[in-house]
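Student: Contents of protein.csv (CSV, C-alpha atoms and all ligand atoms) are given next:
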chain,number,residue,atom,x,y,z
A,99,MET,CA,39.4,6.1,65.0
A,100,LYS,CA,38.6,6.7,61.3
A,101,ILE,CA,35.2,5.5,60.2
A,102,LEU,CA,34.0,5.2,56.6
A,103,GLY,CA,30.2,5.8,56.4
A,104,ILE,CA,28.2,4.5,53.5
A,105,GLU,CA,24.6,5.4,52.6
A,106,SER,CA,22.5,4.1,49.7
A,107,SER,CA,19.0,3.5,51.2
A,108,CYS,CA,17.0,5.7,48.9
A,109,ASP,CA,18.0,8.2,46.2
A,110,ASP,CA,21.3,9.5,47.5
A,111,THR,CA,24.6,7.6,47.2
A,112,SER,CA,27.0,8.9,49.9
A,113,ALA,CA,30.4,8.1,51.4
A,114,ALA,CA,32.2,10.0,54.1
A,115,LEU,CA,35.3,9.6,56.2
A,116,LEU,CA,35.1,10.8,59.8
A,117,GLU,CA,37.7,11.1,62.6
A,118,CYS,CA,35.9,10.0,65.7
A,119,SER,CA,36.9,10.2,69.4
A,120,LYS,CA,35.1,10.7,72.7
A,121,GLY,CA,34.9,14.4,71.9
A,122,GLY,CA,32.8,13.7,68.8
A,123,CYS,CA,33.1,13.0,65.1
A,124,PHE,CA,34.6,15.4,62.5
A,125,VAL,CA,34.1,15.0,58.8
A,126,LEU,CA,37.4,14.6,57.0
A,127,SER,CA,35.9,14.2,53.6
A,128,GLU,CA,32.5,13.4,52.1
A,129,SER,CA,30.9,13.0,48.7
A,130,THR,CA,27.2,12.5,47.8
A,131,ALA,CA,25.6,11.9,44.4
A,132,SER,CA,21.9,12.8,44.3
A,133,GLN,CA,19.6,11.0,41.9
A,134,ILE,CA,16.8,13.6,42.2
A,135,ALA,CA,17.3,14.9,38.6
A,136,ILE,CA,16.6,11.4,37.2
A,137,HIS,CA,13.7,10.5,39.5
A,138,LYS,CA,12.1,13.9,39.0
A,139,LYS,CA,10.8,12.8,35.5
A,140,TYR,CA,8.8,10.1,37.2
A,141,GLY,CA,7.4,12.1,40.1
A,142,GLY,CA,9.1,9.8,42.7
A,143,VAL,CA,11.9,7.3,43.3
A,144,VAL,CA,11.9,4.4,40.8
A,145,PRO,CA,13.6,1.5,42.8
A,146,GLU,CA,15.2,-0.3,39.7
A,147,ILE,CA,16.8,3.0,38.5
A,148,ALA,CA,17.9,3.9,42.0
A,149,GLY,CA,19.7,0.5,42.4
A,150,ARG,CA,21.5,0.9,39.1
A,151,MET,CA,22.6,4.5,39.9
A,152,HIS,CA,23.9,3.5,43.3
A,153,ALA,CA,25.9,0.7,41.7
A,154,GLU,CA,27.4,3.1,39.2
A,155,LYS,CA,28.4,5.7,41.8
A,156,ILE,CA,29.3,3.9,44.9
A,157,VAL,CA,33.0,3.0,44.2
A,158,PRO,CA,34.0,6.4,42.8
A,159,LEU,CA,32.4,8.1,45.8
A,160,ILE,CA,34.1,5.8,48.4
A,161,GLU,CA,37.4,6.3,46.6
A,162,HIS,CA,36.9,10.0,46.7
A,163,ALA,CA,35.9,10.1,50.4
A,164,LEU,CA,38.9,7.9,51.4
A,165,ASN,CA,41.4,9.9,49.3
A,166,GLY,CA,44.1,7.2,49.8
A,167,LYS,CA,43.4,6.7,53.6
A,168,LYS,CA,42.4,3.4,55.1
A,169,PRO,CA,39.6,3.5,57.7
A,170,ASP,CA,39.5,1.6,61.0
A,171,ALA,CA,35.9,0.5,60.5
A,172,ILE,CA,33.0,0.8,58.0
A,173,ALA,CA,29.6,1.9,59.0
A,174,ILE,CA,26.9,0.9,56.6
A,175,ALA,CA,23.2,1.9,56.5
A,176,SER,CA,21.7,-1.6,56.1
A,177,GLY,CA,18.0,-0.7,56.6
A,178,PRO,CA,15.3,0.5,56.4
A,179,GLY,CA,15.0,1.6,52.8
A,180,LEU,CA,14.8,0.3,49.2
A,181,ILE,CA,16.3,-3.1,48.9
A,182,THR,CA,17.7,-2.3,45.4
A,183,GLY,CA,19.8,0.5,47.0
A,184,LEU,CA,20.6,-1.1,50.4
A,185,ILE,CA,22.3,-4.2,48.8
A,186,VAL,CA,24.7,-2.0,46.8
A,187,GLY,CA,26.0,-0.3,50.0
A,188,VAL,CA,26.0,-3.5,52.0
A,189,GLU,CA,28.0,-5.4,49.3
A,190,ALA,CA,30.5,-2.6,49.1
A,191,ALA,CA,30.9,-2.6,52.9
A,192,ARG,CA,31.2,-6.4,53.0
A,193,THR,CA,33.9,-6.4,50.3
A,194,LEU,CA,36.0,-3.7,52.0
A,195,SER,CA,35.6,-5.3,55.4
A,196,ALA,CA,36.7,-8.7,54.1
A,197,ALA,CA,39.6,-7.4,52.0
A,198,TRP,CA,41.0,-5.0,54.6
A,199,LYS,CA,40.1,-7.2,57.6
A,200,ILE,CA,38.5,-4.2,59.4
A,201,PRO,CA,35.1,-4.4,61.2
A,202,ALA,CA,31.8,-3.5,59.6
A,203,ILE,CA,29.1,-1.8,61.6
A,204,SER,CA,25.5,-2.3,60.6
A,205,VAL,CA,23.6,1.0,61.2
A,206,ASN,CA,19.9,1.7,61.1
A,207,HIS,CA,19.3,4.6,58.7
A,208,MET,CA,16.9,6.3,61.1
A,209,ALA,CA,19.5,6.1,63.9
A,210,GLY,CA,21.7,7.8,61.4
A,211,HIS,CA,19.1,10.7,61.0
A,212,ILE,CA,19.1,11.1,64.8
A,213,HIS,CA,22.9,11.5,64.8
A,214,SER,CA,22.8,14.0,61.9
A,215,VAL,CA,22.5,16.7,64.6
A,216,GLU,CA,26.0,15.8,65.7
A,217,VAL,CA,27.8,16.1,62.4
A,218,LYS,CA,30.8,18.3,62.9
A,219,SER,CA,32.5,19.8,59.8
A,220,GLN,CA,34.3,22.9,58.7
A,221,LYS,CA,30.8,24.3,58.1
A,222,SER,CA,28.9,23.1,61.1
A,223,LYS,CA,29.7,23.5,64.8
A,224,VAL,CA,27.4,21.2,66.9
A,225,LYS,CA,26.4,20.2,70.4
A,226,SER,CA,26.3,16.6,71.5
A,227,ILE,CA,23.1,14.8,72.3
A,228,GLY,CA,22.3,14.8,76.1
A,229,TYR,CA,20.3,11.8,77.4
A,230,PRO,CA,17.5,11.0,77.8
A,231,ALA,CA,16.5,12.4,74.4
A,232,LEU,CA,13.4,12.5,72.4
A,233,ALA,CA,13.6,12.5,68.6
A,234,LEU,CA,11.0,13.5,66.0
A,235,ILE,CA,12.1,11.9,62.7
A,236,VAL,CA,10.3,13.2,59.7
A,237,SER,CA,11.4,12.0,56.4
A,238,GLY,CA,10.2,10.7,53.0
A,239,GLY,CA,9.3,7.3,54.4
A,240,HIS,CA,9.0,7.8,58.1
A,241,THR,CA,7.3,9.9,60.8
A,242,GLU,CA,8.2,8.7,64.2
A,243,ILE,CA,8.8,9.8,67.8
A,244,ILE,CA,11.7,7.9,69.3
A,245,LYS,CA,12.6,7.9,73.0
A,246,ILE,CA,16.4,7.5,73.6
A,247,SER,CA,17.0,6.7,77.2
A,248,ALA,CA,20.8,6.3,76.8
A,249,PRO,CA,23.1,6.1,73.7
A,250,GLY,CA,21.9,3.3,71.5
A,251,LYS,CA,18.7,2.6,73.6
A,252,TYR,CA,15.8,3.4,71.3
A,253,LYS,CA,12.1,3.0,71.9
A,254,MET,CA,9.6,4.0,69.3
A,255,ILE,CA,6.7,5.6,71.2
A,256,GLY,CA,4.7,6.8,68.1
A,257,ALA,CA,4.7,6.6,64.4
A,258,THR,CA,2.5,7.3,61.4
A,259,ARG,CA,-0.3,4.8,60.8
A,260,ASP,CA,-0.2,5.5,57.0
A,261,ASP,CA,1.7,8.1,55.0
A,262,ALA,CA,4.9,9.8,56.2
A,263,ALA,CA,4.9,13.6,56.4
A,264,GLY,CA,7.4,13.9,53.6
A,265,GLU,CA,5.4,11.6,51.4
A,266,CYS,CA,2.3,13.7,52.1
A,267,PHE,CA,4.3,16.9,51.1
A,268,ASP,CA,5.5,15.1,47.9
A,269,LYS,CA,2.1,13.8,46.9
A,270,VAL,CA,0.3,17.1,47.4
A,271,ALA,CA,3.1,18.9,45.5
A,272,LYS,CA,2.5,16.5,42.6
A,273,LEU,CA,-1.2,17.3,42.7
A,274,LEU,CA,-0.3,21.0,42.3
A,275,GLY,CA,2.1,20.2,39.4
A,276,LEU,CA,5.2,20.9,41.4
A,277,LEU,CA,8.4,18.8,40.8
A,278,TYR,CA,9.7,16.0,43.1
A,279,PRO,CA,10.7,16.3,45.9
A,280,GLY,CA,7.7,18.5,46.7
A,281,GLY,CA,8.5,19.5,50.3
A,282,PRO,CA,11.0,22.2,49.5
A,283,GLN,CA,8.7,23.6,46.7
A,284,ILE,CA,5.7,23.7,48.9
A,285,SER,CA,7.6,25.5,51.7
A,286,LYS,CA,9.0,28.0,49.2
A,287,LEU,CA,5.5,28.8,47.8
A,288,ALA,CA,4.1,28.9,51.4
A,289,LEU,CA,6.3,31.9,52.2
A,290,LYS,CA,4.1,34.1,50.0
A,291,GLY,CA,0.8,32.8,51.3
A,292,SER,CA,-1.5,32.9,54.3
A,293,ALA,CA,-1.5,29.9,56.6
A,294,LYS,CA,-5.0,30.8,57.7
A,295,ALA,CA,-6.6,30.9,54.2
A,296,ILE,CA,-7.8,27.2,54.2
A,297,LYS,CA,-8.7,25.2,57.3
A,298,PHE,CA,-7.2,21.8,56.6
A,299,PRO,CA,-7.6,19.0,59.3
A,300,ARG,CA,-5.0,18.3,61.9
A,301,PRO,CA,-5.3,14.5,61.9
A,302,MET,CA,-5.2,12.7,65.3
A,303,LEU,CA,-4.0,15.8,67.1
A,304,ASP,CA,-6.4,15.1,70.0
A,305,SER,CA,-5.8,11.4,70.2
A,306,ASN,CA,-4.4,10.2,73.5
A,307,ASP,CA,-1.1,8.7,72.0
A,308,TYR,CA,1.9,9.7,69.9
A,309,ASP,CA,0.8,8.4,66.6
A,310,PHE,CA,0.2,10.3,63.4
A,311,SER,CA,-1.9,9.9,60.3
A,312,PHE,CA,-1.5,11.9,57.1
A,313,ALA,CA,-3.5,10.0,54.6
A,314,GLY,CA,-6.7,12.0,55.5
A,315,LEU,CA,-5.0,15.3,55.2
A,316,LYS,CA,-3.7,14.3,51.7
A,317,THR,CA,-7.2,13.4,50.6
A,318,SER,CA,-8.6,16.6,52.1
A,319,ALA,CA,-6.0,18.6,50.1
A,320,LEU,CA,-6.9,16.6,47.0
A,321,TYR,CA,-10.7,17.3,47.3
A,322,TYR,CA,-10.1,21.0,48.1
A,323,TYR,CA,-7.9,21.4,45.0
A,324,ARG,CA,-10.4,19.4,42.8
A,325,ASP,CA,-13.3,21.7,44.0
A,326,ASN,CA,-11.2,24.9,43.9
A,327,PRO,CA,-8.8,24.6,41.0
A,328,LYS,CA,-8.3,28.4,40.8
A,329,VAL,CA,-7.2,28.6,44.5
A,330,ASN,CA,-4.2,30.8,45.2
A,331,LYS,CA,-1.4,28.2,45.3
A,332,ALA,CA,0.7,30.1,47.9
A,333,ASP,CA,-2.3,30.2,50.3
A,334,PHE,CA,-3.0,26.5,49.6
A,335,CYS,CA,0.7,25.6,50.4
A,336,ALA,CA,0.9,27.8,53.5
A,337,SER,CA,-2.3,26.4,54.9
A,338,PHE,CA,-1.3,22.8,54.1
A,339,GLU,CA,2.2,23.3,55.6
A,340,GLN,CA,0.6,24.8,58.7
A,341,ALA,CA,-1.6,21.7,59.2
A,342,ILE,CA,1.4,19.4,59.0
A,343,VAL,CA,3.5,21.6,61.4
A,344,ASP,CA,0.6,21.9,63.9
A,345,THR,CA,0.1,18.1,63.9
A,346,LEU,CA,3.8,17.3,64.3
A,347,VAL,CA,4.5,20.0,67.0
A,348,GLY,CA,1.2,19.1,68.8
A,349,LYS,CA,2.2,15.5,69.3
A,350,MET,CA,5.8,16.3,70.1
A,351,THR,CA,4.6,18.8,72.7
A,352,ARG,CA,2.6,16.1,74.4
A,353,ALA,CA,5.6,13.7,74.4
A,354,ILE,CA,8.1,16.4,75.7
A,355,LYS,CA,5.7,17.2,78.6
A,356,LYS,CA,5.4,13.5,79.5
A,357,PHE,CA,9.1,12.4,79.1
A,358,LYS,CA,10.9,15.6,80.0
A,359,PRO,CA,13.9,14.9,77.8
A,360,LYS,CA,17.3,16.7,78.2
A,361,THR,CA,17.5,17.0,74.4
A,362,VAL,CA,14.8,17.3,71.8
A,363,ILE,CA,15.9,16.3,68.3
A,364,LEU,CA,14.2,17.2,65.0
A,365,CYS,CA,15.7,15.3,62.1
A,366,GLY,CA,15.0,13.7,58.7
A,367,GLY,CA,14.5,15.4,55.3
A,368,VAL,CA,11.4,17.3,56.4
A,369,SER,CA,13.5,18.9,59.3
A,370,ALA,CA,14.8,21.2,56.6
A,371,ASN,CA,11.4,22.9,56.7
A,372,ARG,CA,11.9,26.4,58.2
A,373,LYS,CA,8.4,26.7,59.7
A,374,LEU,CA,8.7,23.3,61.4
A,375,ARG,CA,12.2,24.1,62.8
A,376,GLU,CA,11.0,27.5,64.2
A,377,THR,CA,7.7,26.3,65.6
A,378,LEU,CA,9.1,23.2,67.4
A,379,GLY,CA,12.1,25.3,68.6
A,380,THR,CA,9.8,27.8,70.1
A,381,ALA,CA,7.5,25.1,71.6
A,382,VAL,CA,10.5,23.4,73.3
A,383,LYS,CA,11.7,26.7,74.9
A,384,LYS,CA,8.1,27.4,76.2
A,385,ILE,CA,7.7,23.9,77.7
A,386,SER,CA,11.1,23.7,79.5
A,387,THR,CA,14.1,25.9,79.7
A,388,LYS,CA,16.1,22.8,80.6
A,389,SER,CA,15.6,21.0,77.3
A,390,GLU,CA,18.1,21.6,74.5
A,391,PHE,CA,16.6,21.7,71.0
A,392,LEU,CA,18.9,20.2,68.3
A,393,THR,CA,18.3,20.0,64.6
A,394,PRO,CA,20.8,19.2,61.8
A,395,ALA,CA,22.6,21.8,59.7
A,396,LEU,CA,20.5,22.2,56.5
A,397,SER,CA,23.1,20.3,54.5
A,398,TYR,CA,22.7,17.2,56.8
A,399,CYS,CA,18.9,17.0,56.9
A,400,MET,CA,18.8,14.8,53.8
A,401,ASP,CA,20.4,11.4,53.5
A,402,ASN,CA,24.2,11.5,54.0
A,403,ALA,CA,27.0,9.1,55.0
A,404,ALA,CA,28.4,11.3,57.8
A,405,MET,CA,25.4,10.7,60.0
A,406,ILE,CA,25.7,6.9,59.3
A,407,ALA,CA,29.4,7.0,60.4
A,408,ILE,CA,28.5,8.8,63.7
A,409,ALA,CA,25.7,6.2,64.5
A,410,GLY,CA,28.3,3.6,63.7
A,411,TYR,CA,30.9,5.1,66.0
A,412,GLN,CA,28.4,4.8,68.9
A,413,LYS,CA,28.1,1.1,68.2
A,414,ALA,CA,31.9,0.8,67.7
A,415,GLN,CA,32.4,2.1,71.3
A,416,LYS,CA,30.4,-0.9,72.5
A,417,LYS,CA,32.2,-3.2,70.0
A,418,GLU,CA,28.9,-3.9,68.3
A,419,TYR,CA,30.5,-5.1,65.1
A,420,ALA,CA,29.0,-7.2,62.3
A,421,ASP,CA,30.9,-10.1,60.8
A,422,TRP,CA,31.1,-9.4,57.0
A,423,ARG,CA,29.8,-12.9,56.4
A,424,LYS,CA,26.6,-12.1,58.2
A,425,LEU,CA,26.1,-8.5,57.0
A,426,SER,CA,22.7,-8.2,55.3
A,427,ALA,CA,20.3,-5.6,54.1
A,428,ASP,CA,17.0,-5.3,55.9
A,429,PRO,CA,14.5,-3.0,54.1
A,430,ASN,CA,12.0,-3.3,57.0
A,431,TRP,CA,14.4,-2.7,60.0
A,432,GLU,CA,12.3,-0.7,62.5
A,433,LEU,CA,14.2,1.4,65.0
A,434,GLY,CA,13.2,0.7,68.6
A,435,ARG,CA,10.2,-1.5,68.0
B,501,LIG,N1,11.8,22.3,53.2
B,501,LIG,C1,11.1,21.1,53.3
B,501,LIG,N2,9.9,21.1,53.7
B,501,LIG,C2,9.1,20.0,53.7
B,501,LIG,N3,9.6,18.8,53.3
B,501,LIG,C3,10.9,18.7,52.9
B,501,LIG,C4,11.7,19.9,52.8
B,501,LIG,N4,13.0,19.5,52.4
B,501,LIG,C5,12.9,18.2,52.1
B,501,LIG,N5,11.7,17.7,52.4
B,501,LIG,C6,11.2,16.3,52.3
B,501,LIG,O1,12.1,15.4,52.9
B,501,LIG,C7,11.9,14.1,52.2
B,501,LIG,C8,13.2,13.5,52.0
B,501,LIG,O2,13.9,13.2,53.2
B,501,LIG,P1,14.9,12.0,53.4
B,501,LIG,O3,15.9,12.1,52.3
B,501,LIG,O4,15.3,12.0,54.7
B,501,LIG,O5,13.9,10.8,53.1
B,501,LIG,P2,14.2,9.4,52.6
B,501,LIG,O6,15.6,9.1,53.0
B,501,LIG,O7,13.7,9.3,51.2
B,501,LIG,O8,13.2,8.6,53.6
B,501,LIG,P3,13.6,7.7,54.9
B,501,LIG,O9,14.6,8.5,55.6
B,501,LIG,O10,12.3,7.6,55.6
B,501,LIG,O11,14.1,6.4,54.4
B,501,LIG,C9,11.1,14.4,51.0
B,501,LIG,O12,9.8,13.9,51.2
B,501,LIG,C10,11.1,15.9,50.8
B,501,LIG,O13,9.9,16.4,50.2
B,502,MG,MG,16.4,9.4,55.0
Spit out the file's structure as structure tokens when you get a sec.
Ligand SMILES: Nc1ncnc2c1ncn2[C@@H]1O[C@H](COP(=O)(O)OP(=O)(O)OP(=O)(O)O)[C@@H](O)[C@H]1O
Ligand SMILES: [Mg+2]

Tutor:
Amino acid sequence: MKILGIESSCDDTSAALLECSKGGCFVLSESTASQIAIHKKYGGVVPEIAGRMHAEKIVPLIEHALNGKKPDAIAIASGPGLITGLIVGVEAARTLSAAWKIPAISVNHMAGHIHSVEVKSQKSKVKSIGYPALALIVSGGHTEIIKISAPGKYKMIGATRDDAAGECFDKVAKLLGLLYPGGPQISKLALKGSAKAIKFPRPMLDSNDYDFSFAGLKTSALYYYRDNPKVNKADFCASFEQAIVDTLVGKMTRAIKKFKPKTVILCGGVSANRKLRETLGTAVKKISTKSEFLTPALSYCMDNAAMIAIAGYQKAQKKEYADWRKLSADPNWELGR
């Protein structure tokens, strides 16, 4: 079946048409409009501006992705995210679902990130997720460990108690005068520095759970920079990045040992970080040769509609459709709580 995916939960408007069957989902066409250039000026995403930009872009992007074809269903990321963006995508999905009399599928954006590892396109060959699986989702707004016992059966076993890892990267980058989004800038600078130069804390690494906390690390980075304004920025970035990677991989290691998953997934915007991909990949191999490590192609780490369509296909197989009359955006929809 052909599924149209729509994504508008933050600062990317995206539409994609995928051909899905039991063998997996293949991207027929996709188009994404990033708002980064606009939000850069403000050092972060401005919800009001984001909503307007989504409204401007969504129809042309859907039209481009469909290229004259009619889908069999529409998968829409209806939460979590910014309400100003979510409602634009939800209303577009509702309109098409009602006009074409095709089912709509309400998809959790974080479930979308999990399925980003399965996006098959001309550029990316992929393996399917084997179950049970364990996912580390690290993005701008979330840092969570999700246990997936079977397709669609999510249980959140840990999450950040304050800032998300991506948010921490972005705020510390701002402190250093780097542009939004800061994660890629920090990791680029980190390549030239020493990860051992500064000993930043690894928050909650030894706590007997799967939770995270990054607010203290952010404050520690702030104080260090305030007291050492002439610090070598590359060393600062490498040490800071290492603290985040050690914390994430440490907690994931504990979870993998406990739950022995068939597949370990690393996803979300921060999964584009090379050090994190390499360190977690190595840790998985060391813990168990039976676990497969999956992480998205770099082009599917950030928000995209293809991952939403795949998460939608999984629900479509169980006929978990949403009536267009009842479709609604839920900015606080937590996966597996
Ligand atoms: N190479 C990198 N290293 C570290 N962080 C990165 C890298 N590339 C991107 N990021 C971070 O990824 C985040 C964006 O990811 P994503 O688009 O998934 O988040 P979001 O959609 O805004 O949030 P959420 O998915 O929680 O709603 C930003 O915080 C950005 O700094
Ligand atoms: Mg996201």

Student: Can you tell me which residues surround Cys365 of chain A at a distance of at most 8 Å, considering only C-alpha atoms, apart from same-chain residues fewer than 6 positions away, and format the answer as number ranges by chain?

Tutor: A: 211-212, 214-215, 233-237, 393-394, 399

Student: Could you dump the residues just selected with C-alpha atoms as an mmCIF file, keeping the file's coordinate frame?

Tutor:
data_model
loop_
_atom_site.group_PDB
_atom_site.id
_atom_site.type_symbol
_atom_site.label_atom_id
_atom_site.label_comp_id
_atom_site.auth_asym_id
_atom_site.auth_seq_id
_atom_site.Cartn_x
_atom_site.Cartn_y
_atom_site.Cartn_z
ATOM 1 C CA HIS A 211 19.100 10.700 61.000
ATOM 2 C CA ILE A 212 19.100 11.100 64.800
ATOM 3 C CA SER A 214 22.800 14.000 61.900
ATOM 4 C CA VAL A 215 22.500 16.700 64.600
ATOM 5 C CA ALA A 233 13.600 12.500 68.600
ATOM 6 C CA LEU A 234 11.000 13.500 66.000
ATOM 7 C CA ILE A 235 12.100 11.900 62.700
ATOM 8 C CA VAL A 236 10.300 13.200 59.700
ATOM 9 C CA SER A 237 11.400 12.000 56.400
ATOM 10 C CA THR A 393 18.300 20.000 64.600
ATOM 11 C CA PRO A 394 20.800 19.200 61.800
ATOM 12 C CA CYS A 399 18.900 17.000 56.900
#

Student: Counting all atoms listed in the file, which residues in segment 374-434 of chain A sit no more than 8 Å from segment 126-150 of chain A? For each one, give the nearest pair of atoms and the distance in Å, sorted by chain then residue number, as a Markdown table.

Tutor:
| residue | atom | partner | partner_atom | distance |
| --- | --- | --- | --- | --- |
| A:Asn402 | CA | A:Thr130 | CA | 7.0 |
| A:Ala403 | CA | A:Glu128 | CA | 7.6 |
| A:Ala404 | CA | A:Glu128 | CA | 7.3 |

Student: Which of these residues is nearest to ligand LIG 501 (chain B), using only C-alpha atoms and all ligand atoms: A:Arg372, A:Lys294, A:His152, A:His213?

Tutor: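 The closest residue to ligand LIG 501 (chain B) is A:Arg372.
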
Student: Would you mind reading off the distance between atom CA of Gly183 of chain A and atom CA of Ser107 of chain A, one decimal, in Å?

Tutor: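 Going from atom CA of Gly183 of chain A over to atom CA of Ser107 of chain A, I get 5.2 Å.
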
Student: Contacts of Gly187 of chain A at 12 Å or less, counting only C-alpha atoms, minus same-chain residues fewer than 5 places along, as a ChimeraX atom specification?

Tutor: /A:102-108,110-113,149-157,159-160,172-177,179-182,192-194,202,204-205,403,406,425-428

Student: Using only C-alpha atoms, collect all residues at a distance of at most 8 Å from (10.8, 14.4, 73.5) as written in the file, then present them as a list in words.

Tutor: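 Residues with an atom close enough to that point: Ala231, Leu232, Ala233, Leu234, Ile243, Ile244, Lys245, Met350, Thr351, Ala353, Ile354, Lys355, Phe357, Lys358, Pro359, Thr361, Val362 and Ile363 of chain A.
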
Student: Take atom CA of Gln415 of chain A and atom CA of Ile203 of chain A and report the distance between them in Å, one decimal.

Tutor: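 Here the two named atoms are 11.0 Å from each other.
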